[in-house]
Amino acid sequence: MMHRGLRRLVHLVLFCPLSKGLQSRLPLLKVKYLLLAWLGILVASWVLYMQYASYSELCRGHVCHMVICDHYRSGIVSGSSCKALCEGRTLTLQRCMSTSSTHQVYSGVWKERPVVIKCGLEEPLKGDVAPDSVLRQEMTLFDKPTRGTSMDEFREMLHSFLKSKLGEQPSLTTLVGRVITLADVNKDGKVSLAEAKSVWALLQINEFLLMVALQEKEHTPKLLGFCGDLYVTERVSHNSLYRLEVPSYLQALVPEALSSSMNQWLAPAWPRRARITIGLLEFIEEVFHGAYGSFLMCDASPRHVGYNFKYDCKMADLRSVASETAVRGFLRGRHCETNADCTFGSDCTATCDRLVKQCNTEVVQPNLAKVCVLLQDYLLFGAPQDLRTDLEKQLRTCVTLSSLASQMEVHHSLVLNNLKTLLWKTISNTQYS
């Protein structure tokens with residue numbers, strides 16, 4: 001009898017919070033509380049459903065693991081991480097961090113070190129969702145080089161490919177040597193067909209190519225290993241400039257001003273943000289006319305810029321960084337009606353020549369200007385009062401930089417150095433330096 005009465009009460013609370021009978025029996029205040037509880041349950045249920053739906057769509061690490069290990073056992077691919085991933089199981093995919101179903105990102109631990117594991121997956125063909133359909137599509141990734149390719153021919157393949165991606169650079173031969181050393185997993189001075197197929201597939205991934213080209217740079221995550229087209233990098237402890245990121249399905253419910261205020265409240269102390277900023281400006285220097293050409297940030301988002309526990313800047317995601325050669329190749333001869341038609345990635349935009357209706361190849365906004373747009377939000381709040389006016393002035397100047405201006409390179413270097421000097425003078429000789 002008691003259980004029946006309890007069930008009835010639960011039924012009334014969950015399904016009939018506004019019934020006339022309930023209103024006549026309970027005070028108005030209790031009815032309001034019950035309504036709020038009912039709404040809270042409804043919203044929480046919706047959030048949980050959306051989280052589950054997005055997780056099942058975005059997180060396909062089990063498929064990635066199955067595909068790579070199947071290829072490894074078949075002798076198609078090789079790599080320094082294959083045994084740990086497929087035999088010893090000492091490299092495991094743990095927490096899903098993917099934002100795209102075709103680019104799997106997981107945290108993990110390998111050799112007692114926190115790592116990030118990344119793997120590309122093709123979208124399954126419509127109506128073909130069986131696991132072996134992914135295997136069939138992935139096979140095309142490992143169709144080069146073919147059996148019988150000599151070492152000299154493979155070197156030539158690599159040189160031609162890197163030239164098409166990075167342009168004619170005097171140091172390309174050095175980069176080819178670096179790739180071959182990386183491919184030679186067992187260090188026997190030779191590259192097997194499986195090793196060659198693996199490194200060739202990896203080079204098609206823009207982020208991997210950049211990691212190899214920039215591996216000596218301080219602000220690029222270190223490449224730790226690979227297996228087929230799966231690769232392992234060091235984990236960046238904070239993988240975004242901001243700690244709070246509202247999921248896309250909640251953005252309509254959470255005011256932008258609220259999320260911005262929360263991020264300001266959760267942000268590191270200003271001197272630490274200044275240290276992170278100095279590192280970000282150094283990265284801009286590293287990719288501007290480096291040994292392998294210039295690179296452009298084509299999605300200057302705070303989600304792509306991270307930092308470690310020492311507050312040193314580390315680029316958490318390099319997928320949106322592209323070589324200037326690749327961007328120019330995309331824009332050259334491209335038909336356009338407006339400037340928006342001349343956009344590579346999210347924000348590498350050139351001008352449209354409306355007379356011939358073709359894109360010009362020079363991107364208007366340089367990396368530094370895009371970064372300074374981020375810094376106006378990230379660096380100004382909480383800045384020391386005696387510094388704020390000068391900092392605002394320098395950031396305003398920085399935001400207006402244009403790649404089309406005369407003597408752009410001189411002006412770019414001057415603005416960057418002035419900003420770095422201002423920040424460094426403020427935090428030098430303190431615990432934050």
# chains A, B, ... in the order shown; residues from 1 in each chain; ligands from 1
$ select_by_dssp --residues "range 312-398 of chain A" --states "alpha helix (DSSP H)" --output "ChimeraX atom specification"
/A:324-331,367-378,385-398
$ write_last_selection --atoms "N, CA, C and O atoms" --output "compact mmCIF listing (two decimals), in the first residue's frame"
# COMPACT_ATOMS: atom_id res chain seq x y z
N GLU A 324 52.11 28.53 -46.98
CA GLU A 324 51.73 29.61 -47.91
C GLU A 324 51.63 29.08 -49.33
O GLU A 324 50.75 29.51 -50.10
N THR A 325 52.48 28.12 -49.69
CA THR A 325 52.44 27.51 -51.03
C THR A 325 51.10 26.83 -51.27
O THR A 325 50.50 26.98 -52.35
N ALA A 326 50.60 26.07 -50.27
CA ALA A 326 49.32 25.37 -50.41
C ALA A 326 48.17 26.35 -50.55
O ALA A 326 47.26 26.14 -51.37
N VAL A 327 48.20 27.43 -49.78
CA VAL A 327 47.13 28.42 -49.84
C VAL A 327 47.14 29.14 -51.19
O VAL A 327 46.08 29.32 -51.82
N ARG A 328 48.32 29.54 -51.64
CA ARG A 328 48.41 30.20 -52.96
C ARG A 328 47.94 29.26 -54.08
O ARG A 328 47.26 29.70 -55.02
N GLY A 329 48.31 27.99 -53.97
CA GLY A 329 47.87 27.02 -54.98
C GLY A 329 46.36 26.88 -55.02
O GLY A 329 45.76 26.73 -56.09
N PHE A 330 45.73 26.93 -53.86
CA PHE A 330 44.27 26.86 -53.77
C PHE A 330 43.62 28.09 -54.41
O PHE A 330 42.59 27.99 -55.10
N LEU A 331 44.20 29.26 -54.17
CA LEU A 331 43.59 30.52 -54.63
C LEU A 331 43.87 30.81 -56.12
O LEU A 331 43.05 31.45 -56.79
N ASN A 367 49.19 36.42 -39.96
CA ASN A 367 48.99 35.67 -38.71
C ASN A 367 48.94 36.58 -37.49
O ASN A 367 48.11 36.41 -36.59
N LEU A 368 49.86 37.53 -37.45
CA LEU A 368 49.98 38.39 -36.27
C LEU A 368 48.70 39.18 -36.02
O LEU A 368 48.27 39.32 -34.87
N ALA A 369 48.09 39.69 -37.07
CA ALA A 369 46.85 40.47 -36.91
C ALA A 369 45.74 39.59 -36.35
O ALA A 369 44.95 40.02 -35.50
N LYS A 370 45.64 38.34 -36.83
CA LYS A 370 44.60 37.42 -36.33
C LYS A 370 44.82 37.11 -34.86
O LYS A 370 43.86 37.06 -34.07
N VAL A 371 46.07 36.88 -34.49
CA VAL A 371 46.38 36.57 -33.09
C VAL A 371 46.06 37.76 -32.20
O VAL A 371 45.56 37.60 -31.08
N CYS A 372 46.33 38.96 -32.67
CA CYS A 372 46.06 40.16 -31.86
C CYS A 372 44.57 40.37 -31.63
O CYS A 372 44.17 40.93 -30.61
N VAL A 373 43.73 39.91 -32.56
CA VAL A 373 42.28 39.94 -32.34
C VAL A 373 41.93 39.06 -31.13
O VAL A 373 41.13 39.45 -30.27
N LEU A 374 42.55 37.88 -31.05
CA LEU A 374 42.34 37.01 -29.89
C LEU A 374 42.83 37.68 -28.61
O LEU A 374 42.18 37.60 -27.56
N LEU A 375 43.99 38.33 -28.71
CA LEU A 375 44.63 38.89 -27.51
C LEU A 375 43.86 40.08 -26.95
O LEU A 375 43.99 40.39 -25.76
N GLN A 376 43.08 40.77 -27.78
CA GLN A 376 42.29 41.88 -27.26
C GLN A 376 41.33 41.40 -26.17
O GLN A 376 41.08 42.11 -25.20
N ASP A 377 40.78 40.20 -26.35
CA ASP A 377 39.90 39.63 -25.32
C ASP A 377 40.70 38.95 -24.21
O ASP A 377 40.35 39.05 -23.03
N TYR A 378 41.78 38.28 -24.59
CA TYR A 378 42.50 37.44 -23.64
C TYR A 378 43.44 38.20 -22.72
O TYR A 378 43.62 37.83 -21.56
N GLN A 385 47.10 48.58 -14.56
CA GLN A 385 46.59 49.88 -15.00
C GLN A 385 47.66 50.72 -15.71
O GLN A 385 47.38 51.40 -16.69
N ASP A 386 48.91 50.67 -15.21
CA ASP A 386 49.96 51.48 -15.81
C ASP A 386 50.39 50.94 -17.18
O ASP A 386 51.12 51.61 -17.92
N LEU A 387 49.94 49.75 -17.52
CA LEU A 387 50.30 49.13 -18.79
C LEU A 387 49.16 49.14 -19.79
O LEU A 387 49.39 49.09 -21.01
N ARG A 388 47.94 49.22 -19.31
CA ARG A 388 46.76 48.98 -20.13
C ARG A 388 46.67 49.91 -21.35
O ARG A 388 46.40 49.45 -22.46
N THR A 389 46.91 51.20 -21.16
CA THR A 389 46.79 52.15 -22.28
C THR A 389 47.77 51.82 -23.39
O THR A 389 47.39 51.77 -24.57
N ASP A 390 49.01 51.57 -23.03
CA ASP A 390 50.04 51.24 -24.03
C ASP A 390 49.73 49.91 -24.71
O ASP A 390 49.89 49.75 -25.92
N LEU A 391 49.24 48.94 -23.92
CA LEU A 391 48.90 47.63 -24.47
C LEU A 391 47.74 47.74 -25.45
O LEU A 391 47.77 47.13 -26.54
N GLU A 392 46.73 48.49 -25.10
CA GLU A 392 45.57 48.70 -26.00
C GLU A 392 46.03 49.33 -27.31
O GLU A 392 45.61 48.91 -28.40
N LYS A 393 46.90 50.32 -27.21
CA LYS A 393 47.39 51.02 -28.40
C LYS A 393 48.15 50.06 -29.32
O LYS A 393 47.95 50.05 -30.54
N GLN A 394 49.03 49.25 -28.73
CA GLN A 394 49.82 48.32 -29.56
C GLN A 394 48.95 47.24 -30.19
O GLN A 394 49.17 46.85 -31.35
N LEU A 395 47.95 46.75 -29.46
CA LEU A 395 47.06 45.75 -30.02
C LEU A 395 46.20 46.32 -31.15
O LEU A 395 45.93 45.64 -32.14
N ARG A 396 45.77 47.58 -31.01
CA ARG A 396 45.00 48.23 -32.09
C ARG A 396 45.85 48.34 -33.35
O ARG A 396 45.38 48.09 -34.47
N THR A 397 47.12 48.70 -33.18
CA THR A 397 48.03 48.80 -34.33
C THR A 397 48.22 47.42 -34.96
O THR A 397 48.21 47.27 -36.19
N CYS A 398 48.36 46.43 -34.12
CA CYS A 398 48.60 45.06 -34.59
C CYS A 398 47.43 44.52 -35.40
O CYS A 398 47.61 43.88 -36.44
$ residues_around --residues "Glu195 in chain A" --least-positions-apart "2" --cutoff "7 Å" --atoms "only C-alpha atoms" --output "ChimeraX atom specification"
/A:77-79,183-184,191-193,197-199
$ write_last_selection --atoms "C-alpha atoms" --output "PDB file, in the first residue's frame"
ATOM      1  CA  VAL A  77      51.576  -0.913 -42.198  1.00  0.00           C
ATOM      2  CA  SER A  78      54.274  -0.511 -39.594  1.00  0.00           C
ATOM      3  CA  GLY A  79      55.364   2.036 -37.012  1.00  0.00           C
ATOM      4  CA  ALA A 183      60.115   5.860 -41.311  1.00  0.00           C
ATOM      5  CA  ASP A 184      63.003   3.519 -40.463  1.00  0.00           C
ATOM      6  CA  VAL A 191      62.825   1.373 -45.200  1.00  0.00           C
ATOM      7  CA  SER A 192      60.466  -1.574 -45.660  1.00  0.00           C
ATOM      8  CA  LEU A 193      57.364  -1.369 -47.859  1.00  0.00           C
ATOM      9  CA  LYS A 197      53.348   3.071 -46.925  1.00  0.00           C
ATOM     10  CA  SER A 198      52.773   4.254 -43.349  1.00  0.00           C
ATOM     11  CA  VAL A 199      54.888   7.396 -43.559  1.00  0.00           C
TER      12      VAL A 199
END
$ closest_atom_pairs --of "range 304-328 of chain A" --to "range 204-228 of chain A" --cutoff "10 Å" --atoms "only C-alpha atoms" --output "JSON lines"
{"residue": "A:Val305", "atom": "CA", "partner": "A:His219", "partner_atom": "CA", "distance": 9.9}
{"residue": "A:Gly306", "atom": "CA", "partner": "A:His219", "partner_atom": "CA", "distance": 9.5}
{"residue": "A:Tyr307", "atom": "CA", "partner": "A:His219", "partner_atom": "CA", "distance": 9.0}
{"residue": "A:Asp312", "atom": "CA", "partner": "A:His219", "partner_atom": "CA", "distance": 7.8}
{"residue": "A:Cys313", "atom": "CA", "partner": "A:His219", "partner_atom": "CA", "distance": 6.0}
{"residue": "A:Lys314", "atom": "CA", "partner": "A:His219", "partner_atom": "CA", "distance": 4.6}
{"residue": "A:Met315", "atom": "CA", "partner": "A:Thr220", "partner_atom": "CA", "distance": 5.7}
{"residue": "A:Ala316", "atom": "CA", "partner": "A:Pro221", "partner_atom": "CA", "distance": 7.2}
{"residue": "A:Asp317", "atom": "CA", "partner": "A:Glu207", "partner_atom": "CA", "distance": 7.7}
{"residue": "A:Leu318", "atom": "CA", "partner": "A:Glu207", "partner_atom": "CA", "distance": 5.2}
{"residue": "A:Arg319", "atom": "CA", "partner": "A:Glu207", "partner_atom": "CA", "distance": 4.8}
{"residue": "A:Ser320", "atom": "CA", "partner": "A:Glu207", "partner_atom": "CA", "distance": 8.0}
{"residue": "A:Val321", "atom": "CA", "partner": "A:Glu207", "partner_atom": "CA", "distance": 7.7}
{"residue": "A:Ala322", "atom": "CA", "partner": "A:Asn206", "partner_atom": "CA", "distance": 7.3}
{"residue": "A:Ser323", "atom": "CA", "partner": "A:Leu210", "partner_atom": "CA", "distance": 8.7}
$ write_last_selection --atoms "N, CA, C and O atoms" --output "short mmCIF file (atom, residue, chain, number, x, y, z; two decimals), in the first residue's frame"
data_model
loop_
_atom_site.label_atom_id
_atom_site.label_comp_id
_atom_site.auth_asym_id
_atom_site.auth_seq_id
_atom_site.Cartn_x
_atom_site.Cartn_y
_atom_site.Cartn_z
N VAL A 305 45.01 26.93 -29.48
CA VAL A 305 46.20 27.41 -28.75
C VAL A 305 46.13 26.90 -27.32
O VAL A 305 45.17 27.17 -26.60
N GLY A 306 47.14 26.13 -26.90
CA GLY A 306 47.16 25.60 -25.54
C GLY A 306 48.40 26.04 -24.78
O GLY A 306 49.19 26.86 -25.27
N TYR A 307 48.57 25.47 -23.60
CA TYR A 307 49.77 25.77 -22.80
C TYR A 307 49.96 24.63 -21.80
O TYR A 307 49.03 23.91 -21.45
N ASP A 312 53.87 27.65 -20.66
CA ASP A 312 54.54 27.85 -21.95
C ASP A 312 53.54 27.51 -23.04
O ASP A 312 52.89 26.46 -22.99
N CYS A 313 53.43 28.35 -24.03
CA CYS A 313 52.48 28.14 -25.12
C CYS A 313 52.84 26.90 -25.93
O CYS A 313 54.00 26.68 -26.27
N LYS A 314 51.84 26.08 -26.22
CA LYS A 314 51.98 24.93 -27.11
C LYS A 314 50.76 24.91 -28.03
O LYS A 314 49.62 24.99 -27.55
N MET A 315 50.98 24.79 -29.31
CA MET A 315 49.86 24.72 -30.24
C MET A 315 49.19 23.36 -30.11
O MET A 315 49.78 22.33 -30.44
N ALA A 316 47.97 23.35 -29.62
CA ALA A 316 47.27 22.09 -29.34
C ALA A 316 46.74 21.44 -30.61
O ALA A 316 46.52 20.23 -30.64
N ASP A 317 46.50 22.23 -31.65
CA ASP A 317 45.92 21.70 -32.88
C ASP A 317 46.51 22.47 -34.06
O ASP A 317 46.33 23.68 -34.18
N LEU A 318 47.24 21.76 -34.92
CA LEU A 318 47.90 22.39 -36.07
C LEU A 318 47.17 22.13 -37.39
O LEU A 318 47.67 22.47 -38.46
N ARG A 319 45.97 21.54 -37.32
CA ARG A 319 45.28 21.17 -38.57
C ARG A 319 44.92 22.37 -39.42
O ARG A 319 44.83 22.27 -40.65
N SER A 320 44.72 23.53 -38.79
CA SER A 320 44.30 24.71 -39.55
C SER A 320 45.48 25.57 -39.99
O SER A 320 45.29 26.63 -40.59
N VAL A 321 46.72 25.13 -39.69
CA VAL A 321 47.92 25.85 -40.16
C VAL A 321 48.32 25.24 -41.50
O VAL A 321 48.47 24.03 -41.62
N ALA A 322 48.48 26.09 -42.51
CA ALA A 322 48.79 25.59 -43.86
C ALA A 322 49.99 26.35 -44.41
O ALA A 322 50.23 27.51 -44.05
N SER A 323 50.72 25.70 -45.30
CA SER A 323 51.86 26.38 -45.92
C SER A 323 51.34 27.46 -46.87
O SER A 323 50.27 27.33 -47.47
#
$ residues_around --residues "range 332-347 of chain A" --least-positions-apart "6" --cutoff "10 Å" --atoms "only C-alpha atoms" --output "VMD selection string"
chain A and resid 296 to 301 319 to 322 326 353 to 365 370
$ atom_distance --atom1 "CA of Pro145 in chain A" --atom2 "CA of Ala196 in chain A"
6.8 Å
$ select_by_dssp --residues "range 181-267 of chain A" --states "strand (DSSP E)" --output "list in words"
Leu223, Leu224, Gly225, Phe226, Cys227, Leu230, Tyr231, Val232, Thr233 and Glu234 of chain A
$ residues_around --residues "Gln104 in chain A" --least-positions-apart "3" --cutoff "7 Å" --atoms "only C-alpha atoms" --output "compact mmCIF listing (two decimals) with N, CA, C and O atoms, in the first residue's frame"
# COMPACT_ATOMS: atom_id res chain seq x y z
N CYS A 59 32.90 9.85 -31.50
CA CYS A 59 33.93 9.00 -30.90
C CYS A 59 33.90 7.60 -31.51
O CYS A 59 33.07 6.76 -31.13
N ARG A 60 34.81 7.35 -32.44
CA ARG A 60 34.86 6.07 -33.15
C ARG A 60 36.25 5.45 -33.02
O ARG A 60 36.77 4.84 -33.94
N GLY A 61 36.83 5.62 -31.84
CA GLY A 61 38.18 5.13 -31.61
C GLY A 61 38.31 3.63 -31.76
O GLY A 61 39.34 3.13 -32.22
N SER A 98 37.48 14.03 -29.52
CA SER A 98 37.21 14.31 -30.94
C SER A 98 36.17 15.41 -31.10
O SER A 98 35.20 15.49 -30.35
N SER A 100 35.40 15.92 -34.53
CA SER A 100 34.97 15.53 -35.87
C SER A 100 35.00 14.01 -35.96
O SER A 100 35.92 13.37 -35.44
N SER A 101 34.01 13.44 -36.63
CA SER A 101 33.95 11.99 -36.75
C SER A 101 35.05 11.44 -37.65
O SER A 101 35.40 10.27 -37.59
N LYS A 118 46.00 10.37 -32.30
CA LYS A 118 45.17 10.93 -33.37
C LYS A 118 45.12 9.97 -34.55
O LYS A 118 46.12 9.35 -34.90
N CYS A 119 43.94 9.90 -35.16
CA CYS A 119 43.75 8.95 -36.25
C CYS A 119 42.66 9.47 -37.17
O CYS A 119 41.62 9.96 -36.70
N GLY A 120 42.86 9.38 -38.46
CA GLY A 120 41.85 9.80 -39.43
C GLY A 120 40.98 8.63 -39.85
O GLY A 120 41.44 7.50 -39.97
$ closest_residue --among "A:Ser240, A:Ser403, A:Ser107, A:Thr426" --to "Pro384 in chain A" --atoms "only C-alpha atoms"
A:Thr426
$ closest_residue --among "A:Glu285, A:Asp229, A:Glu156, A:Asp188" --to "Ser81 in chain A" --atoms "only C-alpha atoms"
A:Asp229
$ residues_around --residues "Arg235 in chain A" --least-positions-apart "6" --cutoff "6 Å" --atoms "only C-alpha atoms" --output "compact mmCIF listing (two decimals) with N, CA and C atoms, in the first residue's frame"
# COMPACT_ATOMS: atom_id res chain seq x y z
N PRO A 114 51.70 10.90 -20.30
CA PRO A 114 50.41 11.25 -20.91
C PRO A 114 50.61 11.65 -22.38
N VAL A 115 49.77 11.11 -23.24
CA VAL A 115 49.91 11.36 -24.68
C VAL A 115 48.54 11.66 -25.29
N VAL A 116 48.59 12.11 -26.54
CA VAL A 116 47.38 12.28 -27.35
C VAL A 116 47.53 11.39 -28.57
$ decode --residues "range 224-247 of chain A" --atoms "N, CA, C and O atoms" --output "PDB file, in the first residue's frame"
ATOM      1  N   LEU A 224      55.700  11.556 -30.942  1.00  0.00           N
ATOM      2  CA  LEU A 224      56.282  10.487 -30.142  1.00  0.00           C
ATOM      3  C   LEU A 224      56.271   9.124 -30.835  1.00  0.00           C
ATOM      4  O   LEU A 224      57.077   8.256 -30.494  1.00  0.00           O
ATOM      5  N   GLY A 225      55.379   8.931 -31.774  1.00  0.00           N
ATOM      6  CA  GLY A 225      55.317   7.634 -32.452  1.00  0.00           C
ATOM      7  C   GLY A 225      54.169   7.593 -33.441  1.00  0.00           C
ATOM      8  O   GLY A 225      53.382   8.537 -33.548  1.00  0.00           O
ATOM      9  N   PHE A 226      54.062   6.461 -34.170  1.00  0.00           N
ATOM     10  CA  PHE A 226      52.991   6.301 -35.154  1.00  0.00           C
ATOM     11  C   PHE A 226      52.791   4.823 -35.454  1.00  0.00           C
ATOM     12  O   PHE A 226      53.642   3.978 -35.167  1.00  0.00           O
ATOM     13  N   CYS A 227      51.652   4.526 -36.050  1.00  0.00           N
ATOM     14  CA  CYS A 227      51.359   3.182 -36.553  1.00  0.00           C
ATOM     15  C   CYS A 227      50.367   3.356 -37.696  1.00  0.00           C
ATOM     16  O   CYS A 227      49.232   3.790 -37.473  1.00  0.00           O
ATOM     17  N   GLY A 228      50.798   3.028 -38.916  1.00  0.00           N
ATOM     18  CA  GLY A 228      49.947   3.335 -40.065  1.00  0.00           C
ATOM     19  C   GLY A 228      49.735   4.831 -40.133  1.00  0.00           C
ATOM     20  O   GLY A 228      50.694   5.608 -40.057  1.00  0.00           O
ATOM     21  N   ASP A 229      48.462   5.271 -40.249  1.00  0.00           N
ATOM     22  CA  ASP A 229      48.201   6.714 -40.261  1.00  0.00           C
ATOM     23  C   ASP A 229      47.698   7.202 -38.899  1.00  0.00           C
ATOM     24  O   ASP A 229      47.104   8.284 -38.806  1.00  0.00           O
ATOM     25  N   LEU A 230      47.932   6.429 -37.852  1.00  0.00           N
ATOM     26  CA  LEU A 230      47.681   6.868 -36.475  1.00  0.00           C
ATOM     27  C   LEU A 230      48.992   7.412 -35.910  1.00  0.00           C
ATOM     28  O   LEU A 230      50.049   6.810 -36.110  1.00  0.00           O
ATOM     29  N   TYR A 231      48.935   8.548 -35.230  1.00  0.00           N
ATOM     30  CA  TYR A 231      50.160   9.111 -34.664  1.00  0.00           C
ATOM     31  C   TYR A 231      49.933   9.568 -33.228  1.00  0.00           C
ATOM     32  O   TYR A 231      48.818   9.876 -32.819  1.00  0.00           O
ATOM     33  N   VAL A 232      51.029   9.575 -32.460  1.00  0.00           N
ATOM     34  CA  VAL A 232      50.994   9.859 -31.026  1.00  0.00           C
ATOM     35  C   VAL A 232      51.837  11.097 -30.755  1.00  0.00           C
ATOM     36  O   VAL A 232      52.979  11.192 -31.215  1.00  0.00           O
ATOM     37  N   THR A 233      51.278  12.043 -30.003  1.00  0.00           N
ATOM     38  CA  THR A 233      52.000  13.274 -29.674  1.00  0.00           C
ATOM     39  C   THR A 233      52.003  13.471 -28.159  1.00  0.00           C
ATOM     40  O   THR A 233      51.236  12.830 -27.434  1.00  0.00           O
ATOM     41  N   GLU A 234      52.862  14.377 -27.705  1.00  0.00           N
ATOM     42  CA  GLU A 234      52.826  14.738 -26.284  1.00  0.00           C
ATOM     43  C   GLU A 234      51.494  15.419 -25.992  1.00  0.00           C
ATOM     44  O   GLU A 234      50.897  16.063 -26.853  1.00  0.00           O
ATOM     45  N   ARG A 235      51.013  15.248 -24.765  1.00  0.00           N
ATOM     46  CA  ARG A 235      49.750  15.873 -24.392  1.00  0.00           C
ATOM     47  C   ARG A 235      49.997  17.282 -23.868  1.00  0.00           C
ATOM     48  O   ARG A 235      50.893  17.498 -23.039  1.00  0.00           O
ATOM     49  N   VAL A 236      49.233  18.225 -24.369  1.00  0.00           N
ATOM     50  CA  VAL A 236      49.282  19.606 -23.875  1.00  0.00           C
ATOM     51  C   VAL A 236      48.265  19.685 -22.735  1.00  0.00           C
ATOM     52  O   VAL A 236      47.074  19.427 -22.939  1.00  0.00           O
ATOM     53  N   SER A 237      48.728  20.015 -21.536  1.00  0.00           N
ATOM     54  CA  SER A 237      47.860  19.919 -20.351  1.00  0.00           C
ATOM     55  C   SER A 237      46.623  20.806 -20.450  1.00  0.00           C
ATOM     56  O   SER A 237      45.551  20.431 -19.988  1.00  0.00           O
ATOM     57  N   HIS A 238      46.753  21.976 -21.065  1.00  0.00           N
ATOM     58  CA  HIS A 238      45.593  22.848 -21.309  1.00  0.00           C
ATOM     59  C   HIS A 238      45.496  23.031 -22.823  1.00  0.00           C
ATOM     60  O   HIS A 238      46.324  23.711 -23.425  1.00  0.00           O
ATOM     61  N   ASN A 239      44.473  22.417 -23.443  1.00  0.00           N
ATOM     62  CA  ASN A 239      44.426  22.404 -24.908  1.00  0.00           C
ATOM     63  C   ASN A 239      43.590  23.523 -25.498  1.00  0.00           C
ATOM     64  O   ASN A 239      43.139  23.445 -26.644  1.00  0.00           O
ATOM     65  N   SER A 240      43.374  24.591 -24.736  1.00  0.00           N
ATOM     66  CA  SER A 240      42.677  25.772 -25.238  1.00  0.00           C
ATOM     67  C   SER A 240      43.083  26.969 -24.389  1.00  0.00           C
ATOM     68  O   SER A 240      43.453  26.816 -23.217  1.00  0.00           O
ATOM     69  N   LEU A 241      43.011  28.159 -24.972  1.00  0.00           N
ATOM     70  CA  LEU A 241      43.308  29.368 -24.193  1.00  0.00           C
ATOM     71  C   LEU A 241      42.298  29.549 -23.068  1.00  0.00           C
ATOM     72  O   LEU A 241      42.622  30.053 -21.999  1.00  0.00           O
ATOM     73  N   TYR A 242      41.048  29.142 -23.331  1.00  0.00           N
ATOM     74  CA  TYR A 242      39.994  29.290 -22.326  1.00  0.00           C
ATOM     75  C   TYR A 242      39.606  27.933 -21.770  1.00  0.00           C
ATOM     76  O   TYR A 242      39.610  26.923 -22.461  1.00  0.00           O
ATOM     77  N   ARG A 243      39.268  27.914 -20.486  1.00  0.00           N
ATOM     78  CA  ARG A 243      38.991  26.645 -19.810  1.00  0.00           C
ATOM     79  C   ARG A 243      37.557  26.171 -20.012  1.00  0.00           C
ATOM     80  O   ARG A 243      37.269  24.986 -19.941  1.00  0.00           O
ATOM     81  N   LEU A 244      36.639  27.109 -20.235  1.00  0.00           N
ATOM     82  CA  LEU A 244      35.229  26.756 -20.381  1.00  0.00           C
ATOM     83  C   LEU A 244      34.835  26.844 -21.844  1.00  0.00           C
ATOM     84  O   LEU A 244      34.972  27.894 -22.472  1.00  0.00           O
ATOM     85  N   GLU A 245      34.350  25.737 -22.381  1.00  0.00           N
ATOM     86  CA  GLU A 245      33.868  25.727 -23.763  1.00  0.00           C
ATOM     87  C   GLU A 245      32.445  25.192 -23.767  1.00  0.00           C
ATOM     88  O   GLU A 245      32.199  24.046 -23.391  1.00  0.00           O
ATOM     89  N   VAL A 246      31.507  26.042 -24.162  1.00  0.00           N
ATOM     90  CA  VAL A 246      30.098  25.653 -24.171  1.00  0.00           C
ATOM     91  C   VAL A 246      29.835  24.781 -25.394  1.00  0.00           C
ATOM     92  O   VAL A 246      30.143  25.179 -26.518  1.00  0.00           O
ATOM     93  N   PRO A 247      29.275  23.569 -25.203  1.00  0.00           N
ATOM     94  CA  PRO A 247      28.961  22.721 -26.365  1.00  0.00           C
ATOM     95  C   PRO A 247      28.013  23.422 -27.325  1.00  0.00           C
ATOM     96  O   PRO A 247      27.199  24.261 -26.907  1.00  0.00           O
TER      97      PRO A 247
END
